[in-house]
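J.: Please find one structure pasted underneath; my questions will follow.
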Amino acid sequence: MDGDALRITVLGSATPYPRPGNACSGYLLGGGGVRVWVDAGSGVLGELQRYVGLGEVDAVWISHLHADHCADLLTAYYGLLYADIRLDAPVPLYGPPGIAERLAGFLTHGPRRSSVEDAFAVTELYDGHEARVGGLVLGSRAVEHGGMSAFGLRVEDGEGRRIAYSGDSEPCAALTELAESCELFVCEADGEGAGHHSAEQAGRTAADAGVGRLVVTHVGPGVEPETAVDRAARWFDGDVAYASPGSVFGVRRRSRIPGRRTTSPASSR
């Protein structure tokens with residue numbers, strides 16, 4: 001694969017806590033001459049360094065403030081400021097409203113507030129926010145995750161290739177619009193209920209959005225990855241894969257748009 005091609009590497013996909021060999025939610029976006037760390041759940045920082053040094057990350061994007069998506073920002077803070085990294089400027093950090101104060105609340109141990117901003121140049125996300133990082137455009141949409149501030153991500157490179165990532169979200173119009181016609185859609189499948197997708201719902205959202213390929217991630221406890229892939233494939237007439245740690249998914253333009261299956265779950269594979 002072209003070293004500058006748009007791609008996403010799975011650093012971890014476990015929920016709600018890391019498992020042996022699988023950290024919590026975290027991904028490394030590559031392309032457009034940059035590397036963007038997406039979500040920083042427990043255990044992800046160590047996996048990130050298999051591919052890029054912490055000081056070499058061009059930006060960080062966080063979907064929401066549950067620990068299994070952001071906890072490793074705390075250790076990243078110490079790494080950036082107090083270890084072997086020479087930081088010429090704070091790392092751009094895009095995250096939900098209140099992210100700086102949330103981090104400071106954990107990091108402050110005295111009368112003076114910990115200076116989160118020495119490590120991270122914080123930009124708070126809002127619905128429709130866009131940021132350019134090198135040759136990539138990061139677009140964020142507010143999604144439904146149990147009433148808390150949460151965002152999905154759409155990434156586009158200079159060649160028009162696109163990746164969408166759900167973060168944690170139940171099915172909603174904003175997420176479908178975000179993922180519309182993307183070549184690759186990484187969608188959580190933590191289980192049906194408020195704030196989350198089941199595997200079947202991930203397949204339906206992928207079909208409704210007309211994406212090229214679906215990757216199910218953040219598969220809930222008690223469901224085997226192969227089962228989640230099969231359930232999603234009942235509703236999505238395209239390639240479905242699981243976000244196993246270390247997997248790299250590259251993006252290529254496609255000539256056809258899959259859709260929802262016309263068969264019922266009982267009669268489909």
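Convention: chains lettered A, B, ... in structure tokens order; per-chain residue numbering from 1; ligands numbered from 1 as shown.
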Based on DSSP run over this structure's backbone, return all residues of segment 89-163 of chain A in alpha helix (DSSP H), as a list in words.

T.: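 These are the residues in question: Ile99, Ala100, Glu101, Arg102, Leu103, Ala104, Gly105, Phe106, Leu107, Val116, Glu117, Asp118 and Ala119 of chain A.
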
J.: Suppose we keep all heavy atoms; can you now write the selection as a compact mmCIF listing (two decimals), in the first residue's frame?

T.:
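As written to disk, again_4.txt reads:
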```txt
# COMPACT_ATOMS: atom_id res chain seq x y z
N ILE A 99 -13.34 18.76 27.67
CA ILE A 99 -12.27 17.75 27.73
C ILE A 99 -11.06 18.25 28.50
O ILE A 99 -10.46 17.51 29.28
CB ILE A 99 -11.88 17.28 26.31
CG1 ILE A 99 -10.90 16.10 26.41
CG2 ILE A 99 -11.33 18.41 25.45
CD1 ILE A 99 -10.64 15.42 25.08
N ALA A 100 -10.69 19.53 28.36
CA ALA A 100 -9.52 20.04 29.06
C ALA A 100 -9.74 20.02 30.57
O ALA A 100 -8.85 19.62 31.34
CB ALA A 100 -9.19 21.45 28.59
N GLU A 101 -10.92 20.43 31.02
CA GLU A 101 -11.19 20.44 32.45
C GLU A 101 -11.31 19.03 33.01
O GLU A 101 -10.94 18.78 34.16
CB GLU A 101 -12.46 21.24 32.74
CG GLU A 101 -12.33 22.73 32.43
CD GLU A 101 -11.09 23.35 33.07
OE1 GLU A 101 -10.86 23.11 34.28
OE2 GLU A 101 -10.35 24.05 32.36
N ARG A 102 -11.83 18.11 32.21
CA ARG A 102 -11.89 16.72 32.65
C ARG A 102 -10.48 16.17 32.88
O ARG A 102 -10.21 15.53 33.91
CB ARG A 102 -12.62 15.86 31.62
CG ARG A 102 -12.68 14.36 31.95
CD ARG A 102 -13.57 14.08 33.16
NE ARG A 102 -14.96 14.39 32.86
CZ ARG A 102 -15.81 13.52 32.30
NH1 ARG A 102 -15.41 12.30 32.00
NH2 ARG A 102 -17.05 13.88 32.07
N LEU A 103 -9.58 16.43 31.95
CA LEU A 103 -8.20 15.98 32.12
C LEU A 103 -7.54 16.66 33.32
O LEU A 103 -6.86 16.03 34.12
CB LEU A 103 -7.40 16.25 30.85
CG LEU A 103 -7.80 15.46 29.61
CD1 LEU A 103 -6.98 15.91 28.41
CD2 LEU A 103 -7.63 13.96 29.84
N ALA A 104 -7.76 17.97 33.44
CA ALA A 104 -7.15 18.71 34.54
C ALA A 104 -7.66 18.19 35.88
O ALA A 104 -6.91 18.16 36.87
CB ALA A 104 -7.45 20.20 34.40
N GLY A 105 -8.91 17.77 35.92
CA GLY A 105 -9.45 17.25 37.17
C GLY A 105 -8.71 16.01 37.65
O GLY A 105 -8.54 15.81 38.86
N PHE A 106 -8.26 15.19 36.73
CA PHE A 106 -7.49 14.00 37.09
C PHE A 106 -6.02 14.34 37.36
O PHE A 106 -5.38 13.72 38.21
CB PHE A 106 -7.57 12.97 35.97
CG PHE A 106 -8.82 12.15 35.97
CD1 PHE A 106 -9.87 12.46 35.12
CD2 PHE A 106 -8.97 11.08 36.83
CE1 PHE A 106 -11.03 11.71 35.11
CE2 PHE A 106 -10.13 10.32 36.84
CZ PHE A 106 -11.18 10.64 35.97
N LEU A 107 -5.49 15.30 36.64
CA LEU A 107 -4.05 15.55 36.66
C LEU A 107 -3.62 16.55 37.74
O LEU A 107 -2.44 16.60 38.10
CB LEU A 107 -3.60 16.07 35.29
CG LEU A 107 -3.73 15.09 34.14
CD1 LEU A 107 -3.56 15.81 32.80
CD2 LEU A 107 -2.69 13.96 34.26
N VAL A 116 -2.87 21.40 31.30
CA VAL A 116 -3.16 20.48 30.21
C VAL A 116 -2.71 21.07 28.88
O VAL A 116 -2.21 20.37 27.99
CB VAL A 116 -4.66 20.16 30.17
CG1 VAL A 116 -5.03 19.37 28.94
CG2 VAL A 116 -5.09 19.43 31.44
N GLU A 117 -2.84 22.39 28.76
CA GLU A 117 -2.57 23.07 27.49
C GLU A 117 -1.09 23.10 27.14
O GLU A 117 -0.74 23.42 26.00
CB GLU A 117 -3.13 24.49 27.54
CG GLU A 117 -4.65 24.55 27.56
CD GLU A 117 -5.25 24.25 28.92
OE1 GLU A 117 -4.49 24.16 29.92
OE2 GLU A 117 -6.48 24.11 29.01
N ASP A 118 -0.20 22.77 28.09
CA ASP A 118 1.22 22.66 27.73
C ASP A 118 1.47 21.43 26.87
O ASP A 118 2.41 21.40 26.07
CB ASP A 118 2.08 22.58 29.00
CG ASP A 118 2.18 23.91 29.72
OD1 ASP A 118 1.82 24.95 29.13
OD2 ASP A 118 2.61 23.91 30.89
N ALA A 119 0.64 20.41 27.04
CA ALA A 119 0.78 19.18 26.26
C ALA A 119 -0.13 19.16 25.05
O ALA A 119 0.26 18.67 23.98
CB ALA A 119 0.49 17.97 27.15
```

J.: Contacts of Ile62 of chain A at 12 Å or less, counting only C-alpha atoms, minus same-chain residues fewer than 3 places along, as a ChimeraX atom specification?

T.: /A:25-28,36-41,59,65-73,92-100,122-125,138,140,149-153,165-168

J.: Using only C-alpha atoms, which protein or nucleic acid residues come within 12 Å of Glu144 of chain A? Drop anything in the same chain fewer than 3 positions from it, and give the result as a ChimeraX atom specification.

T.: /A:63-64,127,141,147-152,166-176,193-197

J.: Write out as a PDB file with N, CA, C and O atoms, in the first residue's frame the residues lying within 7 Å of segment 240-252 of chain A, counting only C-alpha atoms and excluding same-chain residues fewer than 3 positions away.

T.:
```
ATOM      1  N   LEU A   6      -4.766   6.711   2.324  1.00  0.00           N
ATOM      2  CA  LEU A   6      -5.645   6.799   3.476  1.00  0.00           C
ATOM      3  C   LEU A   6      -5.878   5.397   4.044  1.00  0.00           C
ATOM      4  O   LEU A   6      -6.264   4.473   3.331  1.00  0.00           O
ATOM      5  N   ARG A   7      -5.690   5.267   5.340  1.00  0.00           N
ATOM      6  CA  ARG A   7      -5.799   3.956   5.981  1.00  0.00           C
ATOM      7  C   ARG A   7      -6.060   4.147   7.476  1.00  0.00           C
ATOM      8  O   ARG A   7      -5.798   5.212   8.036  1.00  0.00           O
ATOM      9  N   ILE A   8      -6.562   3.113   8.108  1.00  0.00           N
ATOM     10  CA  ILE A   8      -6.778   3.140   9.551  1.00  0.00           C
ATOM     11  C   ILE A   8      -6.248   1.844  10.143  1.00  0.00           C
ATOM     12  O   ILE A   8      -6.494   0.754   9.622  1.00  0.00           O
ATOM     13  N   THR A   9      -5.476   1.980  11.204  1.00  0.00           N
ATOM     14  CA  THR A   9      -4.900   0.841  11.906  1.00  0.00           C
ATOM     15  C   THR A   9      -5.610   0.695  13.242  1.00  0.00           C
ATOM     16  O   THR A   9      -5.766   1.669  13.989  1.00  0.00           O
ATOM     17  N   VAL A  10      -6.045  -0.515  13.559  1.00  0.00           N
ATOM     18  CA  VAL A  10      -6.753  -0.773  14.814  1.00  0.00           C
ATOM     19  C   VAL A  10      -5.723  -0.969  15.925  1.00  0.00           C
ATOM     20  O   VAL A  10      -4.929  -1.908  15.895  1.00  0.00           O
ATOM     21  N   LEU A  11      -5.748  -0.087  16.907  1.00  0.00           N
ATOM     22  CA  LEU A  11      -4.872  -0.203  18.073  1.00  0.00           C
ATOM     23  C   LEU A  11      -5.545  -1.001  19.178  1.00  0.00           C
ATOM     24  O   LEU A  11      -4.883  -1.680  19.965  1.00  0.00           O
ATOM     25  N   GLY A  12      -6.854  -0.913  19.249  1.00  0.00           N
ATOM     26  CA  GLY A  12      -7.625  -1.658  20.229  1.00  0.00           C
ATOM     27  C   GLY A  12      -9.101  -1.492  19.948  1.00  0.00           C
ATOM     28  O   GLY A  12      -9.533  -0.486  19.385  1.00  0.00           O
ATOM     29  N   SER A  13      -9.893  -2.501  20.346  1.00  0.00           N
ATOM     30  CA  SER A  13     -11.338  -2.452  20.081  1.00  0.00           C
ATOM     31  C   SER A  13     -12.159  -3.056  21.211  1.00  0.00           C
ATOM     32  O   SER A  13     -13.356  -3.295  21.047  1.00  0.00           O
ATOM     33  N   ASN A  22      -5.805  -7.023  23.553  1.00  0.00           N
ATOM     34  CA  ASN A  22      -6.749  -6.097  22.938  1.00  0.00           C
ATOM     35  C   ASN A  22      -7.023  -4.934  23.886  1.00  0.00           C
ATOM     36  O   ASN A  22      -7.697  -5.098  24.904  1.00  0.00           O
ATOM     37  N   ARG A 161     -11.042  10.156  -1.029  1.00  0.00           N
ATOM     38  CA  ARG A 161     -11.304   8.900  -0.317  1.00  0.00           C
ATOM     39  C   ARG A 161     -11.748   9.222   1.103  1.00  0.00           C
ATOM     40  O   ARG A 161     -11.241  10.155   1.731  1.00  0.00           O
ATOM     41  N   GLU A 183     -16.054   5.098   1.610  1.00  0.00           N
ATOM     42  CA  GLU A 183     -15.505   3.822   1.172  1.00  0.00           C
ATOM     43  C   GLU A 183     -15.369   2.838   2.329  1.00  0.00           C
ATOM     44  O   GLU A 183     -15.459   1.617   2.136  1.00  0.00           O
ATOM     45  N   LEU A 184     -15.149   3.346   3.537  1.00  0.00           N
ATOM     46  CA  LEU A 184     -14.952   2.495   4.708  1.00  0.00           C
ATOM     47  C   LEU A 184     -15.708   3.093   5.886  1.00  0.00           C
ATOM     48  O   LEU A 184     -15.630   4.295   6.141  1.00  0.00           O
ATOM     49  N   ARG A 213     -17.470  -0.535   2.529  1.00  0.00           N
ATOM     50  CA  ARG A 213     -17.036  -1.647   3.366  1.00  0.00           C
ATOM     51  C   ARG A 213     -17.339  -1.312   4.811  1.00  0.00           C
ATOM     52  O   ARG A 213     -17.184  -0.163   5.241  1.00  0.00           O
ATOM     53  N   LEU A 214     -17.758  -2.315   5.562  1.00  0.00           N
ATOM     54  CA  LEU A 214     -18.083  -2.141   6.974  1.00  0.00           C
ATOM     55  C   LEU A 214     -17.082  -2.898   7.826  1.00  0.00           C
ATOM     56  O   LEU A 214     -16.779  -4.063   7.566  1.00  0.00           O
ATOM     57  N   VAL A 215     -16.581  -2.234   8.867  1.00  0.00           N
ATOM     58  CA  VAL A 215     -15.737  -2.870   9.876  1.00  0.00           C
ATOM     59  C   VAL A 215     -16.447  -2.720  11.218  1.00  0.00           C
ATOM     60  O   VAL A 215     -16.665  -1.597  11.681  1.00  0.00           O
ATOM     61  N   VAL A 216     -16.838  -3.846  11.815  1.00  0.00           N
ATOM     62  CA  VAL A 216     -17.484  -3.782  13.128  1.00  0.00           C
ATOM     63  C   VAL A 216     -16.404  -3.792  14.202  1.00  0.00           C
ATOM     64  O   VAL A 216     -15.439  -4.547  14.137  1.00  0.00           O
ATOM     65  N   THR A 217     -16.581  -2.917  15.194  1.00  0.00           N
ATOM     66  CA  THR A 217     -15.601  -2.763  16.258  1.00  0.00           C
ATOM     67  C   THR A 217     -16.316  -2.652  17.589  1.00  0.00           C
ATOM     68  O   THR A 217     -17.543  -2.586  17.647  1.00  0.00           O
ATOM     69  N   PRO A 225     -16.465 -12.160  17.755  1.00  0.00           N
ATOM     70  CA  PRO A 225     -16.305 -11.300  16.574  1.00  0.00           C
ATOM     71  C   PRO A 225     -16.879 -11.897  15.299  1.00  0.00           C
ATOM     72  O   PRO A 225     -17.512 -11.189  14.504  1.00  0.00           O
ATOM     73  N   VAL A 229     -19.768 -10.227  12.865  1.00  0.00           N
ATOM     74  CA  VAL A 229     -19.600 -10.027  11.423  1.00  0.00           C
ATOM     75  C   VAL A 229     -20.749 -10.669  10.667  1.00  0.00           C
ATOM     76  O   VAL A 229     -21.337 -10.066   9.754  1.00  0.00           O
ATOM     77  N   ALA A 233     -23.615  -8.773   8.412  1.00  0.00           N
ATOM     78  CA  ALA A 233     -23.692  -9.105   6.988  1.00  0.00           C
ATOM     79  C   ALA A 233     -25.101  -9.495   6.555  1.00  0.00           C
ATOM     80  O   ALA A 233     -25.396  -9.499   5.355  1.00  0.00           O
TER      81      ALA A 233
END
```

J.: DSSP on the backbone, strand (DSSP E or B) only: what residues of segment 23-263 of chain A does that give? Format it as a PyMOL selection string.

T.: chain A and resi 23-24+26-31+34-40+59-61+91-95+120-124+130-133+136-142+151-156+162-165+184-188+193+196+213-217+236+239-242+248-250+260

J.: Take atom CA of Val91 of chain A and atom CA of Tyr77 of chain A and report the distance between them in Å, one decimal.

T.: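 Going from atom CA of Val91 of chain A over to atom CA of Tyr77 of chain A covers 10.0 Å.
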
J.: Measure the distance from atom CA of Arg231 of chain A to atom CA of Gly203 of chain A in Å and round it to one decimal.

T.: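 These two atoms are separated by 7.8 Å.
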